[in-house]
Structures are given as structure tokens and as C-alpha cells.
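**Student:** Coordinates in input.txt, compact mmCIF, C-alpha atoms, are listed below.
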# COMPACT_ATOMS: atom_id res chain seq x y z
CA MET A 165 -83.63 -27.73 -5.22
CA GLU A 166 -83.14 -30.42 -2.60
CA THR A 167 -80.87 -33.30 -3.57
CA PRO A 168 -82.75 -36.63 -3.62
CA ARG A 169 -81.72 -38.98 -0.87
CA ILE A 170 -79.90 -42.16 -1.80
CA LYS A 171 -82.11 -45.22 -1.29
CA VAL A 172 -80.12 -48.00 0.40
CA ALA A 173 -81.18 -51.61 0.95
CA VAL A 174 -79.30 -53.48 3.69
CA ALA A 175 -78.78 -57.22 3.36
CA GLY A 176 -77.92 -58.86 6.67
CA ALA A 177 -79.74 -56.22 8.69
CA ALA A 178 -80.42 -58.55 11.63
CA GLY A 179 -76.71 -59.10 12.32
CA LYS A 180 -74.58 -56.96 14.60
CA MET A 181 -72.95 -55.11 11.71
CA GLY A 182 -76.28 -54.80 9.94
CA ARG A 183 -77.99 -53.22 12.93
CA GLU A 184 -75.21 -50.66 13.31
CA ALA A 185 -75.38 -49.89 9.59
CA VAL A 186 -79.16 -49.39 9.71
CA ALA A 187 -78.76 -46.95 12.61
CA ALA A 188 -75.97 -45.04 10.84
CA LEU A 189 -77.95 -44.75 7.60
CA ARG A 190 -81.04 -43.54 9.46
CA GLU A 191 -79.03 -40.80 11.16
CA ASP A 192 -77.44 -39.56 7.92
CA PRO A 193 -79.64 -37.13 5.94
CA ARG A 194 -78.05 -38.25 2.65
CA PHE A 195 -79.79 -41.62 2.81
CA GLU A 196 -83.20 -43.21 2.84
CA LEU A 197 -83.41 -46.74 4.23
CA ALA A 198 -85.37 -48.41 1.44
CA ALA A 199 -85.66 -51.95 2.84
CA VAL A 200 -83.81 -54.67 4.70
CA LEU A 201 -83.14 -58.29 3.82
CA MET A 202 -83.17 -60.98 6.49
CA ARG A 203 -82.53 -64.69 6.30
CA SER A 204 -85.80 -65.65 7.94
CA ALA A 205 -89.09 -63.95 8.75
CA ARG A 206 -88.76 -65.44 12.25
CA GLN A 207 -85.81 -63.15 13.04
CA ALA A 208 -86.83 -60.38 15.40
CA TYR A 209 -86.69 -56.92 13.87
CA THR A 210 -88.18 -53.72 15.26
CA GLU A 211 -87.21 -51.10 12.66
CA SER A 212 -90.13 -49.50 10.81
CA VAL A 213 -88.91 -50.40 7.34
CA PRO A 214 -90.01 -52.97 4.73
CA VAL A 215 -88.52 -56.37 5.58
CA TYR A 216 -87.90 -59.05 2.95
CA THR A 217 -86.51 -62.56 2.98
CA ASP A 218 -86.36 -62.80 -0.83
CA PRO A 219 -83.72 -60.54 -2.44
CA GLU A 220 -85.49 -60.43 -5.80
CA GLN A 221 -88.74 -59.26 -4.22
CA LEU A 222 -86.83 -56.56 -2.37
CA LEU A 223 -85.18 -55.33 -5.58
CA GLU A 224 -88.45 -55.34 -7.54
CA LYS A 225 -90.58 -53.59 -4.92
CA SER A 226 -88.19 -51.24 -3.11
CA LEU A 227 -86.14 -50.06 -6.12
CA PRO A 228 -83.01 -49.14 -4.13
CA ASP A 229 -80.07 -47.18 -5.53
CA VAL A 230 -77.50 -49.05 -3.41
CA TRP A 231 -77.33 -52.63 -2.14
CA LEU A 232 -75.27 -52.80 1.06
CA ASP A 233 -74.35 -56.45 1.62
CA LEU A 234 -73.31 -57.42 5.15
CA THR A 235 -74.26 -61.10 4.90
CA ASP A 236 -71.79 -63.98 4.55
CA ALA A 237 -69.91 -66.13 2.06
CA SER A 238 -72.92 -68.35 1.39
CA SER A 239 -75.07 -65.45 0.15
CA VAL A 240 -72.97 -62.52 -0.99
CA VAL A 241 -72.16 -63.62 -4.56
CA ARG A 242 -75.76 -64.46 -5.40
CA HIS A 243 -76.97 -61.19 -3.87
CA VAL A 244 -74.48 -59.01 -5.72
CA ASP A 245 -75.08 -60.75 -9.06
CA MET A 246 -78.82 -60.17 -8.63
CA ALA A 247 -78.49 -56.55 -7.51
CA MET A 248 -76.30 -55.69 -10.49
CA ALA A 249 -78.72 -57.43 -12.85
CA TYR A 250 -81.33 -54.95 -11.59
CA GLY A 251 -78.96 -52.01 -12.11
CA VAL A 252 -78.41 -51.50 -8.38
CA ARG A 253 -74.95 -50.43 -7.20
CA PRO A 254 -73.47 -52.80 -4.61
CA VAL A 255 -71.36 -51.91 -1.59
CA ILE A 256 -69.92 -55.24 -0.51
CA GLY A 257 -68.91 -55.65 3.12
CA ALA A 258 -69.28 -59.44 3.26
CA THR A 259 -66.35 -61.67 2.33
CA GLY A 260 -66.20 -65.02 0.58
CA TYR A 261 -66.15 -63.92 -3.04
CA THR A 262 -63.29 -64.90 -5.34
CA PRO A 263 -61.02 -63.03 -7.77
CA GLU A 264 -63.18 -64.48 -10.54
CA ASP A 265 -66.27 -62.91 -8.95
CA LEU A 266 -64.51 -59.54 -8.85
CA LYS A 267 -63.59 -59.81 -12.53
CA ARG A 268 -67.18 -60.69 -13.43
CA TRP A 269 -68.55 -57.76 -11.43
CA GLU A 270 -66.04 -55.40 -13.02
CA ALA A 271 -67.15 -56.54 -16.48
CA THR A 272 -70.79 -55.97 -15.52
CA CYS A 273 -69.93 -52.47 -14.29
CA GLN A 274 -68.24 -51.63 -17.57
CA VAL A 275 -71.17 -52.85 -19.65
CA GLY A 276 -73.85 -51.18 -17.55
CA GLY A 277 -71.97 -48.07 -16.38
CA LEU A 278 -72.49 -49.10 -12.77
CA GLY A 279 -70.39 -48.33 -9.76
CA ALA A 280 -69.48 -50.96 -7.17
CA ILE A 281 -67.30 -51.06 -4.07
CA ALA A 282 -65.92 -54.23 -2.46
CA ALA A 283 -64.30 -53.42 0.88
CA PRO A 284 -62.60 -56.05 3.05
CA ASN A 285 -62.57 -53.44 5.83
CA PHE A 286 -64.42 -50.15 6.34
CA ALA A 287 -62.44 -48.91 9.38
CA ILE A 288 -60.20 -45.97 8.44
CA GLY A 289 -57.55 -47.04 10.96
CA ALA A 290 -57.44 -50.55 9.50
CA LEU A 291 -56.91 -49.13 6.02
CA LEU A 292 -54.05 -47.00 7.34
CA MET A 293 -52.58 -50.11 8.99
CA VAL A 294 -52.47 -51.87 5.61
CA ARG A 295 -50.88 -48.81 4.04
CA PHE A 296 -48.22 -48.50 6.73
CA ALA A 297 -47.48 -52.23 6.52
CA SER A 298 -47.07 -51.94 2.78
CA GLU A 299 -44.54 -49.14 3.29
CA ALA A 300 -42.62 -51.08 5.95
CA ALA A 301 -42.38 -54.09 3.62
CA ARG A 302 -39.88 -52.17 1.48
CA PHE A 303 -37.39 -52.42 4.37
CA PHE A 304 -38.25 -55.73 6.08
CA GLN A 305 -38.33 -59.01 4.20
CA GLN A 306 -39.80 -61.06 7.06
CA ALA A 307 -43.31 -60.46 8.31
CA GLU A 308 -46.16 -62.30 10.02
CA ILE A 309 -49.77 -61.33 10.72
CA ILE A 310 -51.93 -62.09 13.75
CA GLU A 311 -55.63 -61.32 13.28
CA LEU A 312 -58.12 -61.60 16.12
CA HIS A 313 -61.91 -61.56 15.76
CA HIS A 314 -65.06 -62.46 17.65
CA ASP A 315 -65.99 -66.14 17.78
CA GLN A 316 -68.96 -65.70 15.41
CA LYS A 317 -66.76 -64.76 12.45
CA LYS A 318 -66.96 -67.64 10.00
CA ASP A 319 -64.03 -66.99 7.66
CA ALA A 320 -60.38 -67.31 8.58
CA PRO A 321 -58.08 -65.66 7.75
CA SER A 322 -59.99 -62.41 7.55
CA GLY A 323 -60.24 -60.50 4.29
CA THR A 324 -58.19 -57.69 5.81
CA ALA A 325 -55.38 -60.07 6.78
CA LYS A 326 -55.27 -61.52 3.27
CA ARG A 327 -55.20 -58.07 1.73
CA THR A 328 -52.41 -57.02 4.11
CA ALA A 329 -50.34 -60.07 3.16
CA GLU A 330 -50.80 -59.36 -0.53
CA ALA A 331 -49.75 -55.72 -0.08
CA ILE A 332 -46.67 -56.73 1.93
CA ALA A 333 -45.61 -59.35 -0.60
CA LEU A 334 -46.00 -56.92 -3.49
CA ASN A 335 -43.77 -54.29 -1.92
CA GLN A 336 -41.24 -56.88 -0.75
CA SER A 337 -40.98 -58.16 -4.31
CA GLU A 338 -40.58 -54.67 -5.74
CA ALA A 339 -37.98 -53.73 -3.14
CA ALA A 340 -35.97 -56.91 -3.75
CA ALA A 341 -36.07 -56.36 -7.49
CA ASN A 342 -34.77 -52.82 -7.00
CA ASP A 343 -32.22 -53.82 -4.33
CA GLY A 344 -34.14 -51.63 -1.92
CA ALA A 345 -34.60 -54.17 0.86
CA PHE A 346 -31.62 -54.86 3.05
CA SER A 347 -32.87 -56.98 5.94
CA ARG A 348 -31.44 -60.45 6.55
CA SER A 349 -32.82 -63.44 8.36
CA SER A 350 -31.77 -64.29 11.91
CA HIS A 351 -29.42 -66.90 10.48
CA GLY A 352 -27.57 -64.33 8.42
CA GLN A 353 -29.03 -65.53 5.12
CA ALA A 354 -30.08 -62.94 2.60
CA SER A 355 -33.85 -62.62 2.24
CA THR A 356 -35.46 -63.42 -1.07
CA ARG A 357 -38.36 -61.78 -2.89
CA ASN A 358 -40.65 -64.50 -1.51
CA GLY A 359 -39.52 -64.29 2.10
CA SER A 360 -36.69 -65.84 4.08
CA ALA A 361 -35.50 -69.41 3.73
CA SER A 362 -36.90 -70.15 7.21
CA GLN A 363 -40.33 -68.87 6.25
CA GLN A 364 -40.37 -70.95 3.09
CA SER A 365 -39.30 -74.13 4.87
CA GLU A 366 -42.00 -73.72 7.54
CA ALA A 367 -44.81 -72.80 5.16
CA HIS A 368 -46.13 -76.38 5.22
CA ASN A 369 -46.34 -76.49 9.04
CA PRO A 370 -49.93 -75.78 10.22
CA ALA A 371 -48.64 -74.45 13.53
CA ARG A 372 -46.94 -71.62 11.61
CA GLY A 373 -50.19 -70.20 10.31
CA LEU A 374 -51.79 -70.20 6.89
CA SER A 375 -49.42 -68.90 4.23
CA VAL A 376 -50.90 -66.15 2.03
CA SER A 377 -48.42 -64.77 -0.52
CA ASN A 378 -45.75 -66.50 1.63
CA ILE A 379 -46.77 -64.41 4.68
CA PRO A 380 -47.90 -66.52 7.68
CA ILE A 381 -51.30 -65.47 9.06
CA HIS A 382 -52.44 -66.62 12.51
CA SER A 383 -56.19 -66.39 13.20
CA VAL A 384 -57.70 -66.10 16.68
CA ARG A 385 -61.45 -66.43 17.33
CA LEU A 386 -62.65 -65.64 20.86
CA PRO A 387 -65.68 -64.09 22.55
CA GLY A 388 -65.04 -60.55 23.72
CA LEU A 389 -63.07 -59.57 20.63
CA VAL A 390 -64.39 -57.40 17.79
CA ALA A 391 -61.73 -56.95 15.08
CA HIS A 392 -58.01 -56.63 15.72
CA GLN A 393 -54.83 -57.15 13.71
CA GLU A 394 -51.09 -57.03 14.33
CA VAL A 395 -48.48 -56.97 11.58
CA LEU A 396 -45.01 -57.88 12.83
CA PHE A 397 -41.82 -57.21 10.89
CA GLY A 398 -38.51 -58.69 11.99
CA GLY A 399 -35.10 -57.28 11.09
CA THR A 400 -31.57 -57.36 12.39
CA GLY A 401 -31.89 -56.70 16.12
CA GLU A 402 -35.33 -55.09 15.87
CA VAL A 403 -39.03 -55.77 15.52
CA LEU A 404 -41.63 -53.37 14.13
CA THR A 405 -45.27 -53.90 15.17
CA ILE A 406 -48.23 -52.20 13.50
CA ARG A 407 -51.55 -52.82 15.24
CA HIS A 408 -55.15 -51.75 14.78
CA ASP A 409 -58.08 -52.39 17.12
CA SER A 410 -61.75 -51.94 16.36
CA LEU A 411 -63.27 -51.77 19.82
CA SER A 412 -66.82 -51.37 18.54
CA ARG A 413 -68.61 -51.94 15.24
CA THR A 414 -69.30 -48.24 15.16
CA SER A 415 -65.70 -47.92 13.91
CA PHE A 416 -66.88 -49.25 10.52
CA MET A 417 -69.80 -46.85 10.07
CA PRO A 418 -68.00 -43.75 8.70
CA GLY A 419 -66.49 -45.95 6.00
CA ILE A 420 -69.83 -47.60 5.22
CA THR A 421 -71.71 -44.33 4.83
CA PHE A 422 -68.84 -42.88 2.77
CA ALA A 423 -68.96 -45.91 0.44
CA CYS A 424 -72.77 -45.79 0.07
CA ALA A 425 -72.52 -42.18 -1.08
CA LYS A 426 -69.35 -42.53 -3.17
CA VAL A 427 -70.58 -45.55 -5.15
CA MET A 428 -73.17 -43.30 -6.80
CA GLU A 429 -70.33 -41.37 -8.45
CA LEU A 430 -68.52 -44.42 -9.86
CA ASN A 431 -68.85 -46.31 -13.14
CA SER A 432 -66.47 -49.15 -12.30
CA LEU A 433 -65.65 -51.60 -9.52
CA VAL A 434 -63.31 -50.41 -6.78
CA TYR A 435 -61.75 -53.13 -4.61
CA GLY A 436 -60.57 -51.65 -1.34
CA LEU A 437 -61.90 -48.44 0.17
CA GLU A 438 -58.38 -47.03 0.41
CA HIS A 439 -58.37 -46.35 -3.33
CA LEU A 440 -61.08 -43.75 -2.76
CA LEU A 441 -59.42 -42.12 0.27
CA TRP A 442 -55.92 -41.30 -1.01
Take the structure from the file and write it as C-alpha cells.

**Tutor:**
Amino acid sequence: METPRIKVAVAGAAGKMGREAVAALREDPRFELAAVLMRSARQAYTESVPVYTDPEQLLEKSLPDVWLDLTDASSVVRHVDMAMAYGVRPVIGATGYTPEDLKRWEATCQVGGLGAIAAPNFAIGALLMVRFASEAARFFQQAEIIELHHDQKKDAPSGTAKRTAEAIALNQSEAAANDGAFSRSSHGQASTRNGSASQQSEAHNPARGLSVSNIPIHSVRLPGLVAHQEVLFGGTGEVLTIRHDSLSRTSFMPGITFACAKVMELNSLVYGLEHLLW
């Protein structure tokens, strides 16, 4: 007996990420493209698929299994709340939601037995970058992040940069508590669980980047870029750099199709695709 294909609705299908996702889903025999959501009927769209501008109409008429949201901070929370109210499993690629939103979605999953995935980044290399940075944080107590994206990206810092900073800070804290970190600042002062004295004193200076978990993040927005991030660790007489570059939005598609299939097996919210990979 042939396995039924997973019906996926794509919100934000007219955007660059959305168009790549539509193409990837069409090429994958596991999926059926149920419908797409666009901000305005005036947006040009050539795919032979039902097009909606109202998310509730899409949910009522297309009856998707999965809601893939690639919109923006102004829409994502409302979309995901609505999709889950209809019993549709969300895969969330947009950013702009809060920890409170994640808690609410997790509670909804538990009540309804739904699966959901919120992924700040779908690129496998980017997820490995965060993992490697988290490991390095056990040995270096000073770190900074430079994230570079195309000039149409609205949020700054990126969700990946924030997640990287949180992972670094967590492992720095654990290493300091266990006396496992041994790096010292350039002034010879012992590092603390919240970073060096120099980092703390400069945290208020806008030129030093936005501080997330006491890790400075510097955001660059320029045409020609796609998605890039460097994590720099400084120690005594050495610097460690971990870098990832997405040169094309196709780099996100294996992660997106993996998530759209995997979410059907879940009955809870998973934040971060890495938790499903290792």
C-alpha cells in the first residue's frame, strides 16, 4: 500500500526562501504542495497551486498536514496560533516569536498531541557551527559573533546568532562552575562565568555590538550576501574562528524537507533542528 503524501502549505511562498521551498517540496515524492499563502493577490505567482491571502481560508479549504511558515515577525505568531488551532503541525522558519510564544505552542502541542518544529536555521552546516562553538566555549571564556546577511533581512541579530550566543554562554557557565575553563583575558584577569571584565565593561557601548547572554553580536546587512556567521574565540596567544557560509538558499532545503517529514512523527514542540539530528 502506497504511503499517503504529506500535504504541506507554504506561507511566504512569494519570497526567495518560499520559492526555493516550493520547488524542493514539488521535487520530493513524500510531499504534496497543498496551497500557498501570499501577502497580496497582486504578487506575481506562476505555480499551479491554490493561492490564498487569508490563512484561515487556506486552512479550511486545503486541509494541510503541515504549515511551513517562511514569513516574518509581523505574521508568524498569528499564523502558527491559527494553524495549531486547526490541528495543523507547524514548521517555523520565520523568526520574531518570543520565549512566551514557544511556551504557549508547547502547551498546545501537549494538549492536542501535535508536533511542531521551530528552527532558527535549517542549514546543516550552520547547526554544526553552533555545536562546535558550544564545545569550544568550554575552553575559551571570551567570544564574539559576526553575522552577515542580505540587506532584505529585517531582524538583527539573526536567530542563529542569538542561539549561538546562548549556547556559548551556557557552556561557559558550566565550565566555569566545574573549573573546566582556563582562559584569561588579555589583561591577565581571570575570566568569569559571564565573560571577561573587559566584555562586561563594554557591554553598554553600541559600537561593541548587541550583547546577548553577555556575548557581543555584530550584524552586517549588505546586498550580495545570503547568510554567513563567524564565531571568534580569544585565548592566551591564540584565536579560534568557526565560520559557516550559506552561498545559496538551496542550502536550507534539505533541512526544510527533513523537518516537514519529521514533524509528522512528533507530539511535542522541538526548538532547534539539531535536537532531531544528533

**Student:** Return as JSON the box centre and box size in Å, one decimal, for an axis-aligned box around all listed atoms of stretch 436-440 of chain A padded by 5 Å per side.

**Tutor:**
{"center_x": -60.1, "center_y": -47.7, "center_z": -1.5, "size_x": 13.5, "size_y": 17.9, "size_z": 13.7}

**Student:** Rounded to one decimal in Å, what is the spacing between atom CA of A:Met181 and atom CA of A:Leu292?

**Tutor:**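 Between atom CA of A:Met181 and atom CA of A:Leu292 the gap is 21.0 Å.
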
**Student:** Taking into account only C-alpha atoms, which residue in the set A:Ala198, A:Met428, A:Val390, A:Val240 is nearest to A:Leu227?

**Tutor:**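 So, comparing all the options, the nearest one is A:Ala198.
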
**Student:** Report, in Å with one decimal, the straight-line distance from atom CA of A:Thr272 to atom CA of A:Ser238.

**Tutor:**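 Straight-line distance from atom CA of A:Thr272 to atom CA of A:Ser238 works out to 21.1 Å.
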
**Student:** Pick from A:Ile256, A:Met202, A:Val434, A:Met293: nearest to A:Glu270, with all atoms listed in the file counted?

**Tutor:**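 For A:Glu270, the nearest of the candidates is A:Val434.
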
**Student:** Would you work out the distance separating atom CA of A:Ile406 from atom CA of A:Phe422, expressed in Å to one decimal?

**Tutor:**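 Between these atoms lies a distance of 25.0 Å.
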
**Student:** Pick the closest to A:Phe195 from A:Pro321, A:Pro228, A:Pro219, A:Gly277: which is it, counting all atoms listed in the file?

**Tutor:** A:Pro228

**Student:** Name the closest residue to A:Ala297 among the candidates A:Arg413, A:Arg327, A:His382, A:Arg268; distances are taken between atoms, counting only C-alpha atoms.

**Tutor:** A:Arg327

**Student:** Nearest to A:Arg302 among A:Thr324, A:Ser337, A:Gln274, A:Asn285, with distances taken over all atoms listed in the file: which residue is it?

**Tutor:**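 That would be A:Ser337, the residue with the smallest distance to A:Arg302.
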
**Student:** Between A:Cys424, A:Met417, A:Ile310, A:Ile381, single out the one closest to A:Ala187, counting all atoms listed in the file.

**Tutor:** A:Met417

**Student:** Skipping near chain neighbours, those fewer than 2 positions away, what residues fall within 10 Å of A:Gly182 using all atoms listed in the file, listed as number ranges by chain?

**Tutor:** A: 174-180, 184-188, 200-202, 232-235, 413

**Student:** Show which residues sit within 7 Å of A:Gly257, as a ChimeraX atom specification. Count all atoms listed in the file, and ignore same-chain residues fewer than 2 positions away.

**Tutor:** /A:233-234,255,259,282-284

**Student:** Go ahead and save the residues from that selection, with C-alpha atoms, as an mmCIF file, in the frame of the given file.

**Tutor:**
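Result file is again.cif:
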data_model
loop_
_atom_site.group_PDB
_atom_site.id
_atom_site.type_symbol
_atom_site.label_atom_id
_atom_site.label_comp_id
_atom_site.auth_asym_id
_atom_site.auth_seq_id
_atom_site.Cartn_x
_atom_site.Cartn_y
_atom_site.Cartn_z
ATOM 1 C CA ASP A 233 -74.350 -56.450 1.620
ATOM 2 C CA LEU A 234 -73.310 -57.420 5.150
ATOM 3 C CA VAL A 255 -71.360 -51.910 -1.590
ATOM 4 C CA THR A 259 -66.350 -61.670 2.330
ATOM 5 C CA ALA A 282 -65.920 -54.230 -2.460
ATOM 6 C CA ALA A 283 -64.300 -53.420 0.880
ATOM 7 C CA PRO A 284 -62.600 -56.050 3.050
#

**Student:** Give me, as a PDB file with C-alpha atoms, keeping the file's coordinate frame, all polymer residues having an atom no more than 8 Å from A:Leu386, counting only C-alpha atoms and skipping those fewer than 3 positions away in the same chain.

**Tutor:**
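As written to disk, selection_18.pdb reads:
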ATOM      1  CA  LEU A 312     -58.120 -61.600  16.120  1.00  0.00           C
ATOM      2  CA  HIS A 313     -61.910 -61.560  15.760  1.00  0.00           C
ATOM      3  CA  HIS A 314     -65.060 -62.460  17.650  1.00  0.00           C
ATOM      4  CA  ASP A 315     -65.990 -66.140  17.780  1.00  0.00           C
ATOM      5  CA  LEU A 389     -63.070 -59.570  20.630  1.00  0.00           C
TER       6      LEU A 389
END

**Student:** What residues have an atom no more than 10 Å from (-63.6, -49.9, 17.1) in the file's own frame, counting only C-alpha atoms, and can you write them as a compact mmCIF listing (two decimals) with C-alpha atoms, in the coordinates of the input?

**Tutor:**
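Saved to result00.txt:
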# COMPACT_ATOMS: atom_id res chain seq x y z
CA ALA A 287 -62.44 -48.91 9.38
CA GLY A 289 -57.55 -47.04 10.96
CA ALA A 290 -57.44 -50.55 9.50
CA VAL A 390 -64.39 -57.40 17.79
CA ALA A 391 -61.73 -56.95 15.08
CA HIS A 392 -58.01 -56.63 15.72
CA HIS A 408 -55.15 -51.75 14.78
CA ASP A 409 -58.08 -52.39 17.12
CA SER A 410 -61.75 -51.94 16.36
CA LEU A 411 -63.27 -51.77 19.82
CA SER A 412 -66.82 -51.37 18.54
CA ARG A 413 -68.61 -51.94 15.24
CA THR A 414 -69.30 -48.24 15.16
CA SER A 415 -65.70 -47.92 13.91
CA PHE A 416 -66.88 -49.25 10.52
CA MET A 417 -69.80 -46.85 10.07

**Student:** Hey, what's within 12 Å of A:Leu278 if we count all atoms listed in the file and toss same-chain stuff fewer than 2 positions away? As a VMD selection string, please?

**Tutor:** chain A and resid 229 to 230 247 to 255 269 to 276 280 to 281 427 to 434
